[in-house]
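Peer 1: My file is my_file_32.cif. It has mmCIF, C-alpha atoms:
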```cif
data_coords
loop_
_atom_site.label_atom_id
_atom_site.label_comp_id
_atom_site.auth_asym_id
_atom_site.auth_seq_id
_atom_site.Cartn_x
_atom_site.Cartn_y
_atom_site.Cartn_z
CA MET A 219 12.22 -90.50 52.17
CA LYS A 220 8.49 -90.02 51.64
CA ASN A 221 8.88 -86.20 51.04
CA ILE A 222 11.44 -86.78 48.31
CA LEU A 223 9.13 -89.11 46.39
CA ASN A 224 6.14 -86.77 46.63
CA ASN A 225 8.07 -83.67 45.60
CA LYS A 226 6.81 -82.93 42.08
CA LYS A 227 8.09 -79.40 41.80
CA GLY A 228 9.31 -78.68 38.30
CA GLN A 229 7.18 -81.32 36.63
CA LEU A 230 4.69 -80.26 33.99
CA GLY A 231 2.06 -82.57 32.63
CA VAL A 232 0.88 -82.48 29.04
CA GLY A 233 -2.35 -80.79 30.12
CA LYS A 234 -0.50 -77.88 31.68
CA ILE A 235 1.72 -77.50 28.62
CA VAL A 236 -1.36 -77.33 26.36
CA ILE A 237 -3.05 -74.78 28.64
CA VAL A 238 0.09 -72.61 28.76
CA PHE A 239 0.49 -72.83 24.98
CA MET A 240 -3.17 -71.88 24.34
CA GLY A 241 -2.97 -69.08 26.89
CA ILE A 242 0.12 -67.62 25.24
CA ILE A 243 -1.52 -67.75 21.79
CA VAL A 244 -4.66 -66.00 23.06
CA ALA A 245 -2.60 -63.42 24.94
CA PHE A 246 -0.48 -62.56 21.90
CA ALA A 247 -3.62 -62.31 19.78
CA LEU A 248 -4.97 -59.79 22.28
CA LEU A 249 -1.70 -57.88 22.72
CA VAL A 250 -1.72 -56.60 19.12
CA PRO A 251 -5.09 -54.79 19.40
CA ILE A 252 -4.16 -53.59 22.89
CA PHE A 253 -0.98 -51.92 21.61
CA ASN A 254 -2.78 -50.57 18.50
CA THR A 255 -5.44 -48.95 20.67
CA GLN A 256 -2.78 -47.61 23.03
CA ASN A 257 -1.02 -46.06 20.04
CA GLN A 258 -4.20 -44.25 18.97
CA LEU A 259 -4.62 -42.89 22.49
CA THR A 260 -1.07 -41.62 22.83
CA ASP A 261 0.37 -40.78 19.37
CA LYS A 262 -0.72 -38.81 16.34
CA GLN A 263 -1.49 -41.16 13.46
CA PRO A 264 0.48 -40.92 10.19
CA VAL A 265 -1.05 -40.78 6.71
CA THR A 266 1.24 -41.50 3.77
CA ASP A 267 0.68 -40.70 0.08
CA GLU A 268 -2.95 -39.60 0.28
CA THR A 269 -3.57 -38.92 -3.41
CA TYR A 270 -5.69 -36.26 -5.11
CA ASN A 271 -6.00 -35.80 -8.85
CA LEU A 272 -6.22 -32.07 -9.57
CA SER A 273 -7.30 -32.58 -13.21
CA SER A 274 -10.39 -34.54 -12.24
CA ARG A 275 -11.24 -31.84 -9.68
CA GLY A 276 -11.25 -29.16 -12.39
CA CYS A 277 -8.40 -27.26 -10.81
CA TYR A 278 -6.47 -26.61 -14.03
CA VAL A 279 -7.14 -23.98 -16.67
CA GLY A 280 -4.80 -24.36 -19.62
CA GLY A 281 -2.58 -26.68 -17.56
CA GLU A 282 -2.07 -24.10 -14.79
CA VAL A 283 -3.52 -24.07 -11.29
CA ASN A 284 -6.49 -21.74 -11.09
CA GLU A 285 -5.91 -20.26 -7.62
CA SER A 286 -9.20 -18.36 -7.65
CA VAL A 287 -11.41 -21.46 -7.46
CA ALA A 288 -12.02 -23.57 -4.38
CA LEU A 289 -11.47 -26.71 -6.46
CA CYS A 290 -7.74 -26.25 -5.91
CA ASN A 291 -8.23 -26.41 -2.15
CA VAL A 292 -7.73 -30.01 -1.10
CA THR A 293 -9.31 -31.13 2.16
CA VAL A 294 -7.50 -34.09 3.71
CA ALA A 295 -9.44 -37.27 4.38
CA ALA A 296 -8.69 -37.17 8.12
CA ARG A 297 -10.38 -33.79 8.60
CA TYR A 298 -12.29 -33.63 11.87
CA PRO A 299 -16.08 -33.35 11.77
CA THR A 300 -17.75 -30.07 12.72
CA GLY A 301 -18.05 -29.74 16.49
CA ASP A 302 -15.33 -32.30 17.22
CA TRP A 303 -13.02 -31.08 20.01
CA ARG A 304 -9.96 -32.01 17.88
CA ALA A 305 -10.90 -29.33 15.34
CA SER A 306 -10.43 -26.59 17.95
CA ASP A 307 -7.40 -28.04 19.76
CA SER A 308 -4.15 -26.72 18.26
CA GLN A 309 -2.16 -29.83 19.24
CA CYS A 310 -4.43 -31.81 16.89
CA ASN A 311 -3.70 -29.61 13.87
CA LEU A 312 -2.21 -31.46 10.93
CA GLY A 313 1.45 -32.07 11.62
CA SER A 314 4.50 -33.04 9.57
CA VAL A 315 2.79 -31.99 6.34
CA VAL A 316 4.78 -32.93 3.23
CA ILE A 317 3.29 -32.44 -0.24
CA THR A 318 4.88 -34.10 -3.27
CA ASN A 319 4.15 -34.57 -6.94
CA ALA A 320 3.46 -37.97 -8.53
CA THR A 321 7.20 -38.74 -8.81
CA GLY A 322 7.87 -37.95 -5.14
CA THR A 323 9.49 -34.53 -5.58
CA ASP A 324 8.71 -32.32 -2.57
CA LEU A 325 6.72 -29.15 -3.16
CA VAL A 326 7.66 -26.01 -1.23
CA LEU A 327 5.39 -24.64 1.48
CA ASP A 328 4.15 -21.07 0.78
CA THR A 329 5.60 -21.26 -2.74
CA ASP A 330 3.81 -24.24 -4.31
CA TYR A 331 1.08 -24.68 -1.70
CA GLU A 332 -0.31 -23.22 1.51
CA SER A 333 -1.19 -25.40 4.48
CA TYR A 334 -4.07 -24.54 6.78
CA ALA A 335 -3.28 -27.14 9.42
CA GLY A 336 -6.14 -26.13 11.70
CA THR A 337 -8.80 -26.79 9.07
CA GLY A 338 -7.12 -29.64 7.19
CA ILE A 339 -7.00 -27.73 3.90
CA ILE A 340 -4.10 -27.60 1.45
CA ARG A 341 -4.36 -24.78 -1.09
CA MET A 342 -2.44 -25.36 -4.30
CA LEU A 343 -0.68 -22.33 -5.82
CA ASN A 344 0.19 -21.72 -9.47
CA THR A 345 3.88 -22.48 -10.04
CA THR A 346 5.88 -24.50 -12.54
CA SER A 347 6.03 -27.32 -9.97
CA THR A 348 2.25 -27.46 -9.60
CA ASN A 349 1.12 -27.04 -13.21
CA SER A 350 -0.23 -30.18 -14.87
CA THR A 351 3.16 -30.97 -16.44
CA GLY A 352 5.26 -30.43 -13.30
CA LEU A 353 2.78 -32.08 -10.94
CA GLY A 354 1.71 -34.96 -13.14
CA ASP A 355 -1.93 -34.21 -12.18
CA ASN A 356 -1.63 -36.03 -8.83
CA VAL A 357 -0.66 -34.44 -5.55
CA LEU A 358 0.49 -36.75 -2.74
CA MET A 359 0.11 -35.71 0.89
CA ASP A 360 1.83 -37.02 4.01
CA TYR A 361 0.74 -35.73 7.42
CA ASN A 362 -0.25 -36.82 10.90
CA TYR A 363 -3.42 -36.18 12.88
CA CYS A 364 -5.17 -37.06 16.15
CA ALA A 365 -7.24 -40.23 15.83
CA GLU A 366 -10.59 -40.52 17.56
CA GLY A 367 -9.87 -41.27 21.21
CA TYR A 368 -6.56 -39.38 21.28
CA ASN A 369 -5.78 -38.08 24.77
CA ASN A 370 -5.08 -34.37 24.56
CA ASN A 371 -3.67 -34.27 28.09
CA GLY A 372 -0.03 -35.29 28.55
CA GLY A 373 -0.76 -36.96 31.89
CA SER A 374 -3.52 -39.12 30.46
CA ARG A 375 -1.24 -40.10 27.55
CA SER A 376 1.36 -41.25 30.10
CA VAL A 377 -1.20 -43.32 31.98
CA ALA A 378 -2.55 -44.79 28.72
CA GLY A 379 1.01 -45.79 27.89
CA LEU A 380 0.87 -48.22 30.83
CA ILE A 381 -1.95 -50.31 29.29
CA GLY A 382 0.38 -52.43 27.19
CA LEU A 383 2.88 -52.78 30.02
CA PHE A 384 0.27 -54.21 32.37
CA ALA A 385 -1.09 -56.51 29.65
CA ALA A 386 2.42 -57.89 29.10
CA LEU A 387 2.93 -58.30 32.87
CA ALA A 388 -0.39 -60.18 33.09
CA LEU A 389 0.83 -62.54 30.36
CA LEU A 390 4.09 -63.06 32.23
CA GLY A 391 2.21 -63.74 35.47
CA PHE A 392 -0.01 -66.28 33.72
CA VAL A 393 2.99 -68.12 32.26
CA LEU A 394 4.86 -68.13 35.56
CA GLU A 395 1.87 -69.42 37.53
CA ALA A 396 0.63 -71.93 34.95
CA THR A 397 4.06 -73.50 34.46
CA GLY A 398 4.61 -73.73 38.18
CA ILE A 399 7.72 -71.57 38.13
CA THR A 400 6.39 -69.65 41.11
CA ASN A 401 6.26 -72.94 43.03
CA TRP A 402 9.85 -73.83 42.10
CA SER A 403 11.08 -70.82 43.97
CA GLY A 404 9.31 -71.93 47.11
CA MET A 405 7.19 -68.76 47.17
CA GLU A 406 3.45 -69.02 47.25
CA PHE A 407 1.18 -66.38 45.71
CA ARG A 408 -2.27 -67.12 47.04
#
```
Do you think you could lay out the structure here as structure tokens?

Peer 2:
Amino acid sequence: MKNILNNKKGQLGVGKIVIVFMGIIVAFALLVPIFNTQNQLTDKQPVTDETYNLSSRGCYVGGEVNESVALCNVTVAARYPTGDWRASDSQCNLGSVVITNATGTDLVLDTDYESYAGTGIIRMLNTTSTNSTGLGDNVLMDYNYCAEGYNNNGGSRSVAGLIGLFAALALLGFVLEATGITNWSGMEFR
């Protein structure tokens, strides 16, 4: 009879509930930056609607693109600094490049613009789509690039992909242990 009265398996006090609740809040607050960092290590980062005004750059002469001046060469904001390994690694070239005018109409590669993905330069060409009337002065660029810390090796990207998994498993382990669920099963993890 004494063992039945002293068996408190499955009972949680208020203190344990507060500790579990606080632990879960802290863990979820940490999981977001963990998964964001993991994403930078394993995936190329997207840039959407990076905007350049060709009129303010002095690219137009009489409303048409002046192809002979470097002002019509747009360097993307995510260009890698000189000497950075990403600049010489072809898998870190700009990817999924889409150039549009101010209204969202796609421009045509090698007709309206040329893309130099390895250097991060977009060269505007003189067409009816790129003149100041057709373009609306602004060119919008979408592309992806390797963020600082990107793993260029497929194996290291796979291992980095486990960071979030183990963080989530640690959270699960904390909840199971703090709530006493591991004791309910009769198993002891010590």

Peer 1: Translate the PyMOL selection byres ((chain A and resi 337) around 8) into a concrete residue list for this structure, as a PDB file with C-alpha atoms, keeping the file's coordinate frame.

Peer 2:
```pdb
ATOM      1  CA  ARG A 297     -10.380 -33.790   8.600  1.00  0.00           C
ATOM      2  CA  ALA A 305     -10.900 -29.330  15.340  1.00  0.00           C
ATOM      3  CA  ASN A 311      -3.700 -29.610  13.870  1.00  0.00           C
ATOM      4  CA  TYR A 334      -4.070 -24.540   6.780  1.00  0.00           C
ATOM      5  CA  ALA A 335      -3.280 -27.140   9.420  1.00  0.00           C
ATOM      6  CA  GLY A 336      -6.140 -26.130  11.700  1.00  0.00           C
ATOM      7  CA  GLY A 338      -7.120 -29.640   7.190  1.00  0.00           C
ATOM      8  CA  ILE A 339      -7.000 -27.730   3.900  1.00  0.00           C
TER       9      ILE A 339
END
```

Peer 1: Please write as a ChimeraX atom specification the full residue list that the PyMOL selection byres ((chain A and resi 325) around 12) yields on this file.

Peer 2: /A:315-324,326-333,340,342-349,352-353,357-360

Peer 1: The PyMOL selection byres ((chain A and resi 298) around 10) on the file shown: which residues, as a ChimeraX atom specification?

Peer 2: /A:294-297,299-306,310-311,336-338,363-366

Peer 1: Give me, please, the distance in Å between atom CA of Asp267 of chain A and atom CA of Gly379 of chain A, quoted to one decimal.

Peer 2: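 If I compute the distance from atom CA of Asp267 of chain A to atom CA of Gly379 of chain A, I get 28.3 Å.
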
Peer 1: Choose the residue, out of A:Thr351, A:Asn291, A:Thr260, A:Thr269, that has the smallest atom-to-atom separation from Ser376 of chain A; count all atoms listed in the file.

Peer 2: A:Thr260

Peer 1: Between atom CA of Phe384 of chain A and atom CA of Val236 of chain A, what distance in Å does the model show, to one decimal?

Peer 2: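 We find that atom CA of Phe384 of chain A and atom CA of Val236 of chain A lie 23.9 Å from each other.
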
Peer 1: Which one of A:Ile237, A:Gly367, A:Arg341, A:Phe246 sits closest to Asn284 of chain A if you count all atoms listed in the file?

Peer 2: A:Arg341

Peer 1: Residues at most 9 Å from Gly382 of chain A, counting only C-alpha atoms, excluding those fewer than 2 positions away in the same chain, as a list in words?

Peer 2: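 Once the adjacent positions are removed, what remains is Leu249, Ile252, Phe253, Gln256, Ala378, Gly379, Leu380, Phe384, Ala385, Ala386 and Leu387 of chain A.
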
Peer 1: Mind giving me the straight-line distance from atom CA of Asn254 of chain A to atom CA of Glu268 of chain A in Å, one decimal?

Peer 2: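 If I compute the distance from atom CA of Asn254 of chain A to atom CA of Glu268 of chain A, I get 21.3 Å.
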
Peer 1: Between A:Val244, A:Asp261, A:Glu282, A:Cys277, single out the one closest to Asn369 of chain A, counting all atoms listed in the file.

Peer 2: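 Looking at the shortest contact to Asn369 of chain A, the residue is A:Asp261.
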
Peer 1: Asp355 of chain A: which residues within 7 Å, counting only C-alpha atoms, same-chain residues fewer than 3 positions away excluded, as a count of residues only?

Peer 2: 4
